[in-house]
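protein-v4.txt follows; it contains compact mmCIF, C-alpha atoms.
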# COMPACT_ATOMS: atom_id res chain seq x y z
CA MET E 8 15.03 29.32 -34.99
CA SER E 9 18.61 29.69 -36.11
CA ASN E 10 19.30 32.48 -38.53
CA PHE E 11 22.16 34.51 -39.87
CA LEU E 12 23.02 36.40 -36.67
CA PHE E 13 21.78 34.06 -34.02
CA GLY E 14 23.03 30.64 -34.96
CA SER E 15 22.66 27.32 -33.26
CA GLU E 16 25.29 28.25 -30.68
CA PHE E 17 23.19 31.11 -29.45
CA HIS E 18 20.17 28.87 -29.33
CA ARG E 19 22.09 26.38 -27.25
CA LEU E 20 23.15 29.08 -24.80
CA GLU E 21 19.57 30.22 -24.52
CA THR E 22 18.45 26.66 -23.80
CA ALA E 23 21.21 26.30 -21.20
CA LEU E 24 19.96 29.46 -19.48
CA SER E 25 16.41 28.14 -19.40
CA ALA E 26 17.65 24.83 -18.06
CA ARG E 27 19.50 26.63 -15.24
CA GLU E 28 16.32 28.46 -14.33
CA ARG E 29 14.35 25.26 -14.37
CA LEU E 30 16.93 23.56 -12.21
CA GLN E 31 16.55 26.42 -9.74
CA SER E 32 12.89 25.59 -9.25
CA VAL E 33 13.74 21.91 -8.80
CA ARG E 34 16.15 22.87 -5.99
CA ALA E 35 13.57 25.26 -4.51
CA ALA E 36 11.03 22.43 -4.43
CA ASN E 37 13.43 20.08 -2.66
CA ILE E 38 14.28 22.67 -0.03
CA ALA E 39 10.64 23.69 0.48
CA ASN E 40 9.80 20.02 1.03
CA ALA E 41 12.70 19.29 3.38
CA ASP E 42 10.20 18.59 6.18
CA THR E 43 7.48 16.84 4.19
CA PRO E 44 7.09 13.18 5.19
CA ASN E 45 7.67 10.65 2.40
CA TYR E 46 8.79 13.33 -0.08
CA LYS E 47 11.40 11.92 -2.43
CA ALA E 48 14.07 14.42 -3.47
CA ASP E 49 14.10 15.34 -7.15
CA THR E 50 17.64 14.39 -8.21
CA ARG E 51 17.50 15.66 -11.78
CA THR E 52 20.78 17.24 -12.85
CA PHE E 53 21.49 20.03 -15.29
CA ASP E 54 22.36 17.42 -17.94
CA ASP E 55 18.97 15.76 -17.62
CA ILE E 56 17.08 19.01 -18.04
CA PHE E 57 19.31 20.55 -20.70
CA HIS E 58 19.36 17.52 -22.97
CA GLY E 59 15.68 16.93 -22.37
CA MET E 60 15.04 20.46 -23.64
CA LEU E 61 17.32 20.06 -26.65
CA LYS E 62 15.67 16.77 -27.50
CA SER E 63 12.19 18.24 -27.29
CA ASP E 64 12.97 20.93 -29.87
CA GLY E 65 14.88 18.54 -32.11
CA SER E 66 18.24 20.27 -31.94
CA GLN E 67 20.23 17.59 -30.26
CA MET E 68 23.98 17.79 -30.32
CA ALA E 69 25.36 15.72 -33.14
CA ARG E 70 28.00 13.04 -32.70
CA THR E 71 30.31 13.46 -35.64
CA ASN E 72 32.71 10.84 -34.39
CA PRO E 73 31.73 7.53 -32.77
CA ARG E 74 34.33 8.16 -30.06
CA HIS E 75 32.56 11.30 -28.87
CA MET E 76 30.83 11.08 -25.56
CA GLU E 77 27.13 10.64 -25.91
CA ALA E 78 25.32 13.76 -24.77
CA GLY E 79 22.57 13.52 -22.24
CA ALA E 80 23.18 9.94 -21.28
CA SER E 81 22.44 10.85 -17.73
CA GLY E 82 22.23 8.19 -15.10
CA GLN E 83 24.81 6.30 -17.11
CA ASP E 84 27.83 7.82 -15.51
CA SER E 85 28.60 6.51 -12.09
CA LEU E 86 28.53 9.87 -10.33
CA ALA E 87 24.97 10.65 -11.35
CA ALA E 88 23.87 7.14 -10.45
CA PHE E 89 25.51 7.57 -7.07
CA SER E 90 23.65 10.76 -6.30
CA LYS E 91 20.39 9.09 -7.28
CA HIS E 92 20.78 6.35 -4.72
CA ALA E 93 22.65 8.22 -2.05
CA GLY E 94 19.50 9.77 -0.61
CA VAL E 95 19.12 7.84 2.58
CA ALA E 96 15.55 8.00 3.80
CA ARG E 97 15.11 9.41 7.27
CA MET E 98 12.60 8.01 9.72
CA ASP E 99 9.83 9.97 7.99
CA GLY E 100 10.71 8.65 4.53
CA ASN E 101 12.05 12.00 3.31
CA THR E 102 15.24 11.85 1.20
CA VAL E 103 16.16 15.55 0.99
CA ASP E 104 19.70 16.44 2.04
CA VAL E 105 19.50 20.19 2.68
CA GLN E 106 23.29 20.67 2.69
CA LYS E 107 23.60 19.04 -0.71
CA GLU E 108 20.71 21.07 -2.06
CA MET E 109 22.32 24.28 -0.86
CA GLU E 110 25.62 23.37 -2.51
CA GLN E 111 23.89 22.62 -5.79
CA LEU E 112 21.91 25.82 -5.48
CA ALA E 113 25.12 27.83 -5.22
CA GLU E 114 26.65 25.97 -8.15
CA ASN E 115 23.57 26.57 -10.23
CA GLN E 116 23.67 30.25 -9.46
CA LEU E 117 27.29 30.57 -10.56
CA MET E 118 26.75 28.57 -13.72
CA HIS E 119 23.71 30.69 -14.52
CA GLU E 120 25.87 33.78 -14.31
CA TYR E 121 28.54 32.12 -16.43
CA THR E 122 25.99 31.33 -19.12
CA LEU E 123 24.82 34.92 -19.01
CA ARG E 124 28.39 36.11 -19.55
CA LEU E 125 28.70 33.88 -22.60
CA ILE E 126 25.48 35.27 -24.03
CA GLU E 127 26.67 38.79 -23.34
CA ASP E 128 29.93 38.05 -25.15
CA HIS E 129 28.03 36.68 -28.09
CA LEU E 130 25.88 39.80 -28.30
CA GLN E 131 28.95 41.97 -27.95
CA GLY E 132 30.51 40.16 -30.91
CA ILE E 133 27.48 40.79 -33.07
CA LYS E 134 27.39 44.44 -32.03
CA SER E 135 31.04 44.83 -32.88
CA ALA E 136 30.49 43.27 -36.30
CA ILE E 137 27.58 45.60 -36.98
CA LYS E 138 29.70 48.61 -36.07
CA GLN E 139 32.56 47.37 -38.25
CA GLY E 140 34.78 46.73 -35.27
CA GLY E 141 34.23 50.20 -33.83
CA GLN E 142 35.67 52.12 -36.76
CA MET Y 254 11.55 31.43 -19.99
CA ALA Y 255 11.63 33.41 -16.78
CA ASP Y 256 8.56 31.52 -15.79
CA SER Y 257 10.56 28.86 -14.00
CA LEU Y 258 12.28 31.51 -11.88
CA PHE Y 259 8.90 32.86 -10.84
CA SER Y 260 7.71 29.36 -10.12
CA SER Y 261 10.76 28.71 -7.96
CA MET Y 262 9.97 31.88 -6.01
CA LYS Y 263 6.41 30.65 -5.60
CA ILE Y 264 7.67 27.31 -4.34
CA SER Y 265 9.96 29.01 -1.83
CA SER Y 266 7.13 31.19 -0.60
CA SER Y 267 4.94 28.12 -0.13
CA GLY Y 268 7.73 26.66 1.99
CA MET Y 269 7.99 29.86 4.02
CA SER Y 270 4.29 30.04 4.75
CA ALA Y 271 4.17 26.34 5.68
CA GLN Y 272 7.00 26.85 8.17
CA ARG Y 273 5.25 29.93 9.56
CA THR Y 274 2.13 27.88 10.18
CA ARG Y 275 4.26 25.29 11.94
CA MET Y 276 5.69 28.04 14.18
CA ASP Y 277 2.18 29.29 14.98
CA ILE Y 278 1.15 25.82 16.08
CA VAL Y 279 4.27 25.44 18.23
CA ALA Y 280 3.50 28.79 19.86
CA GLU Y 281 -0.03 27.62 20.53
CA ASN Y 282 1.24 24.41 22.13
CA ILE Y 283 3.69 26.23 24.38
CA ALA Y 284 1.11 28.83 25.40
CA ASN Y 285 -1.34 26.08 26.32
CA ALA Y 286 1.14 23.78 28.05
CA GLN Y 287 -0.75 24.21 31.34
CA SER Y 288 -4.33 24.60 30.09
CA THR Y 289 -6.57 22.07 31.86
CA ARG Y 290 -9.78 23.35 30.31
CA THR Y 291 -10.80 23.74 26.67
CA ALA Y 292 -14.05 24.54 24.90
CA SER Y 293 -14.45 20.88 23.94
CA GLY Y 294 -13.85 19.76 27.52
CA GLY Y 295 -10.79 18.14 29.02
CA PRO Y 296 -7.24 19.46 28.91
CA TYR Y 297 -5.60 20.97 25.83
CA ARG Y 298 -4.37 18.36 23.38
CA ARG Y 299 -1.07 18.99 21.59
CA ARG Y 300 -1.49 19.88 17.91
CA MET Y 301 0.93 19.40 15.04
CA VAL Y 302 1.02 20.33 11.36
CA VAL Y 303 0.99 17.83 8.52
CA PHE Y 304 2.97 18.91 5.45
CA GLN Y 305 2.06 17.78 1.98
CA ALA Y 306 3.89 18.25 -1.31
CA THR Y 307 1.70 19.96 -3.91
CA GLN Y 308 2.01 19.59 -7.64
CA GLY Y 309 3.25 22.96 -8.90
CA LYS Y 310 0.00 24.84 -8.88
CA GLY Y 311 -0.22 28.45 -9.88
CA SER Y 312 1.47 29.21 -13.15
CA PHE Y 313 -0.26 28.37 -16.39
CA ALA Y 314 2.87 26.82 -17.84
CA ASP Y 315 2.97 24.33 -14.98
CA LEU Y 316 -0.57 23.24 -15.62
CA PHE Y 317 -0.16 23.22 -19.38
CA SER Y 318 2.96 21.10 -19.39
CA SER Y 319 1.73 18.96 -16.53
CA LYS Y 320 4.47 16.44 -16.87
CA ALA Y 321 4.27 14.29 -13.80
CA ASN Y 322 7.59 15.55 -12.49
CA SER Y 323 7.16 19.29 -12.40
CA PRO Y 324 8.66 20.73 -9.20
CA MET Y 325 6.40 20.73 -6.19
CA GLY Y 326 5.60 23.28 -3.54
CA VAL Y 327 4.50 22.44 -0.04
CA LYS Y 328 1.32 23.11 1.88
CA VAL Y 329 -0.13 22.40 5.29
CA ALA Y 330 -2.55 19.53 4.62
CA GLY Y 331 -4.05 19.81 8.05
CA VAL Y 332 -3.45 20.09 11.76
CA ALA Y 333 -3.50 16.77 13.60
CA HIS Y 334 -4.00 16.11 17.29
CA ASP Y 335 -1.36 14.26 19.24
CA THR Y 336 -3.15 11.25 20.72
CA THR Y 337 -0.55 10.38 23.35
CA PRO Y 338 -1.97 10.22 26.91
CA PHE Y 339 -2.19 13.33 29.07
CA ARG Y 340 0.29 14.06 31.81
CA GLN Y 341 -1.20 13.12 35.19
CA VAL Y 342 -0.30 15.07 38.31
CA PHE Y 343 -1.53 14.41 41.84
CA ASP Y 344 -2.95 17.70 43.13
CA PRO Y 345 -6.21 17.30 45.10
CA SER Y 346 -6.55 21.05 45.64
CA HIS Y 347 -6.80 21.76 41.90
CA PRO Y 348 -10.37 22.57 40.75
CA ASP Y 349 -10.02 20.14 37.83
CA ALA Y 350 -8.83 17.22 39.94
CA ASP Y 351 -10.87 14.02 39.68
CA SER Y 352 -12.15 12.00 42.66
CA HIS Y 353 -8.68 10.49 43.16
CA GLY Y 354 -7.04 13.92 43.24
CA ILE Y 355 -5.43 13.47 39.80
CA VAL Y 356 -5.24 16.43 37.43
CA LYS Y 357 -4.76 15.81 33.71
CA TYR Y 358 -2.37 18.26 32.07
CA PRO Y 359 -1.83 18.70 28.30
CA ASN Y 360 0.48 16.21 26.57
CA VAL Y 361 2.84 19.04 25.60
CA ASN Y 362 6.56 18.52 26.08
CA PRO Y 363 8.29 21.94 26.10
CA VAL Y 364 11.64 20.48 25.01
CA GLN Y 365 10.07 18.84 21.97
CA GLU Y 366 8.32 22.10 21.11
CA MET Y 367 11.54 24.09 21.32
CA VAL Y 368 13.29 21.63 19.00
CA ASP Y 369 10.39 21.90 16.58
CA LEU Y 370 10.56 25.69 16.75
CA THR Y 371 14.29 25.74 15.99
CA SER Y 372 13.84 23.33 13.10
CA ALA Y 373 11.01 25.41 11.65
CA GLY Y 374 13.16 28.55 11.91
CA ARG Y 375 16.06 26.92 10.08
CA SER Y 376 13.83 25.59 7.31
CA PHE Y 377 12.29 29.03 6.93
CA GLU Y 378 15.75 30.53 6.53
CA SER Y 379 16.78 28.06 3.84
CA ASN Y 380 13.65 28.95 1.87
CA VAL Y 381 14.56 32.62 2.18
CA THR Y 382 18.03 31.85 0.83
CA VAL Y 383 16.61 30.08 -2.20
CA MET Y 384 14.26 32.95 -2.89
CA GLN Y 385 17.07 35.48 -2.72
CA ALA Y 386 19.12 33.35 -5.11
CA SER Y 387 16.24 33.17 -7.60
CA LYS Y 388 15.71 36.90 -7.37
CA ARG Y 389 19.38 37.58 -8.01
CA MET Y 390 19.35 35.29 -11.03
CA PHE Y 391 16.37 37.13 -12.41
CA LEU Y 392 17.97 40.54 -11.92
CA LYS Y 393 21.18 39.36 -13.58
CA THR Y 394 19.18 38.19 -16.57
CA LEU Y 395 17.46 41.55 -16.77
CA ASN Y 396 20.88 43.17 -17.04
CA LEU Y 397 21.26 41.59 -20.48
CA LEU Y 398 18.92 44.25 -21.79
CA LYS Y 399 21.35 47.03 -21.01
Kindly transcribe the structure held in the file into structure tokens.
Amino acid sequence: MSNFLFGSEFHRLETALSARERLQSVRAANIANADTPNYKADTRTFDDIFHGMLKSDGSQMARTNPRHMEAGASGQDSLAAFSKHAGVARMDGNTVDVQKEMEQLAENQLMHEYTLRLIEDHLQGIKSAIKQGGQ
Amino acid sequence: MADSLFSSMKISSSGMSAQRTRMDIVAENIANAQSTRTASGGPYRRRMVVFQATQGKGSFADLFSSKANSPMGVKVAGVAHDTTPFRQVFDPSHPDADSHGIVKYPNVNPVQEMVDLTSAGRSFESNVTVMQASKRMFLKTLNLLK
């Protein structure tokens, strides 16, 4: 999984990219079901998905100091808890807020691109090393 | 990896086709707002779609990792009939008038239909937006190969 050129950082970036793509389909599902009676909006955040993925392949981020924030403790911080309960059911029992979904969709798109840039940088670094810094 | 982007496009397309069906039904209701005869007898009865969330069908990965919370698409579960009473109009000269001169017209309210049509249009558009976003993300990822 992690080798000489592609270390754990690269693996983490790759996982982040997959998590962004997965989050995209979560948002798509919420928007597609904006008119479905009794549909409950999927409020999973990037943190939930990303740390779920890291956990499932056993490469969780280590806490080297007890004062570090615990990774992936989603639902613990007040903001995430707020968004989980903020979905006020309409008359038909649906809790999708299309405006909020759209905002998160845009954010996800930008962060996806940002992750791509980081990966590109990483690859560029490796390329440069292989070519002895372009000499 | 790109599988989830394809699945999000599939989900958006399920939303688009569901909203299209809804528009078709609205068109049918408006077209038949004055129909006093139908094949089954009696005036036309207003119809409406019933949406249902579907567990992400389609891709193999979805089925394989069928964790209960995989993202869901939407489908039209069926078309229901509106059981509210018909509109009654006094018009003895109408061929479908009963012995008291009352004609039963469909229980279609044009204002309600127009609101439904607008709402379906907006929902369709938001699904299009999501699909475009997914497509752009996929293309950007492809650019890594350059």
At a cut-off of 6 Å from (-2.3, 15.9, 34.7) in the coordinates of the file, what residues are picked up using all atoms listed in the file, written as a count of residues only? 6
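Among the candidates E:Leu125, E:Val103, E:Ala36, E:Ala136, the residue lying nearest to chain Y is E:Ala36 (atoms considered: only C-alpha atoms).
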For CA of Ile283 in chain Y and CA of Pro363 in chain Y, the interatomic separation in Å (one decimal): 6.5 Å
Neighbours of chain E in chain Y at 8 Å, counting only C-alpha atoms, as a PyMOL selection string: chain Y and resi 254-255+257-258+260-262+264-265+267-269+303-306+323-327+376+379-380+383-384+386-387+390+393-394+397
Residue neighbourhood Val332 in chain Y, 9 Å, only C-alpha atoms, exclusion window fewer than 4 positions, as a PyMOL selection string: chain Y and resi 278+300-303
Quick one: pull the distance between CA of Asp104 in chain E and CA of Ala333 in chain Y, Å, one decimal. 25.9 Å
In terms of the shortest atom-to-atom distance over all atoms listed in the file, which of E:His129, E:Arg97, E:Lys134, E:Arg19 is closest to His58 in chain E? E:Arg19
Nearby residues (only C-alpha atoms) at most 12 Å from Gln365 in chain Y, same-chain spacing under 6 positions excluded, as a list of chain:residue names: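 Using only C-alpha atoms, the neighbours found are Y:Val279, Y:Asn282, Y:Ile283, Y:Ala286, Y:Arg299, Y:Met301, Y:Thr371, Y:Ser372.
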What box, with edges along x, y and z, holds each listed atom of range 364-377 of chain Y when 3 Å is added on every side, and can you state its centre and edge lengths in Å to one decimal, as AutoDock Vina command-line options?
--center_x 12.2 --center_y 23.9 --center_z 16.0 --size_x 13.7 --size_y 16.2 --size_z 24.1
To one decimal place, how far is CA of Glu16 in chain E from CA of Asp64 in chain E in Å?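 Separating CA of Glu16 in chain E from CA of Asp64 in chain E is a distance of 14.4 Å.
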Nearest to Asn362 in chain Y among Y:Lys388, Y:Gly331, Y:Gly295, Y:Pro338, with distances taken over only C-alpha atoms: which residue is it?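 Residue with the minimum atom-to-atom distance to Asn362 in chain Y: Y:Pro338.
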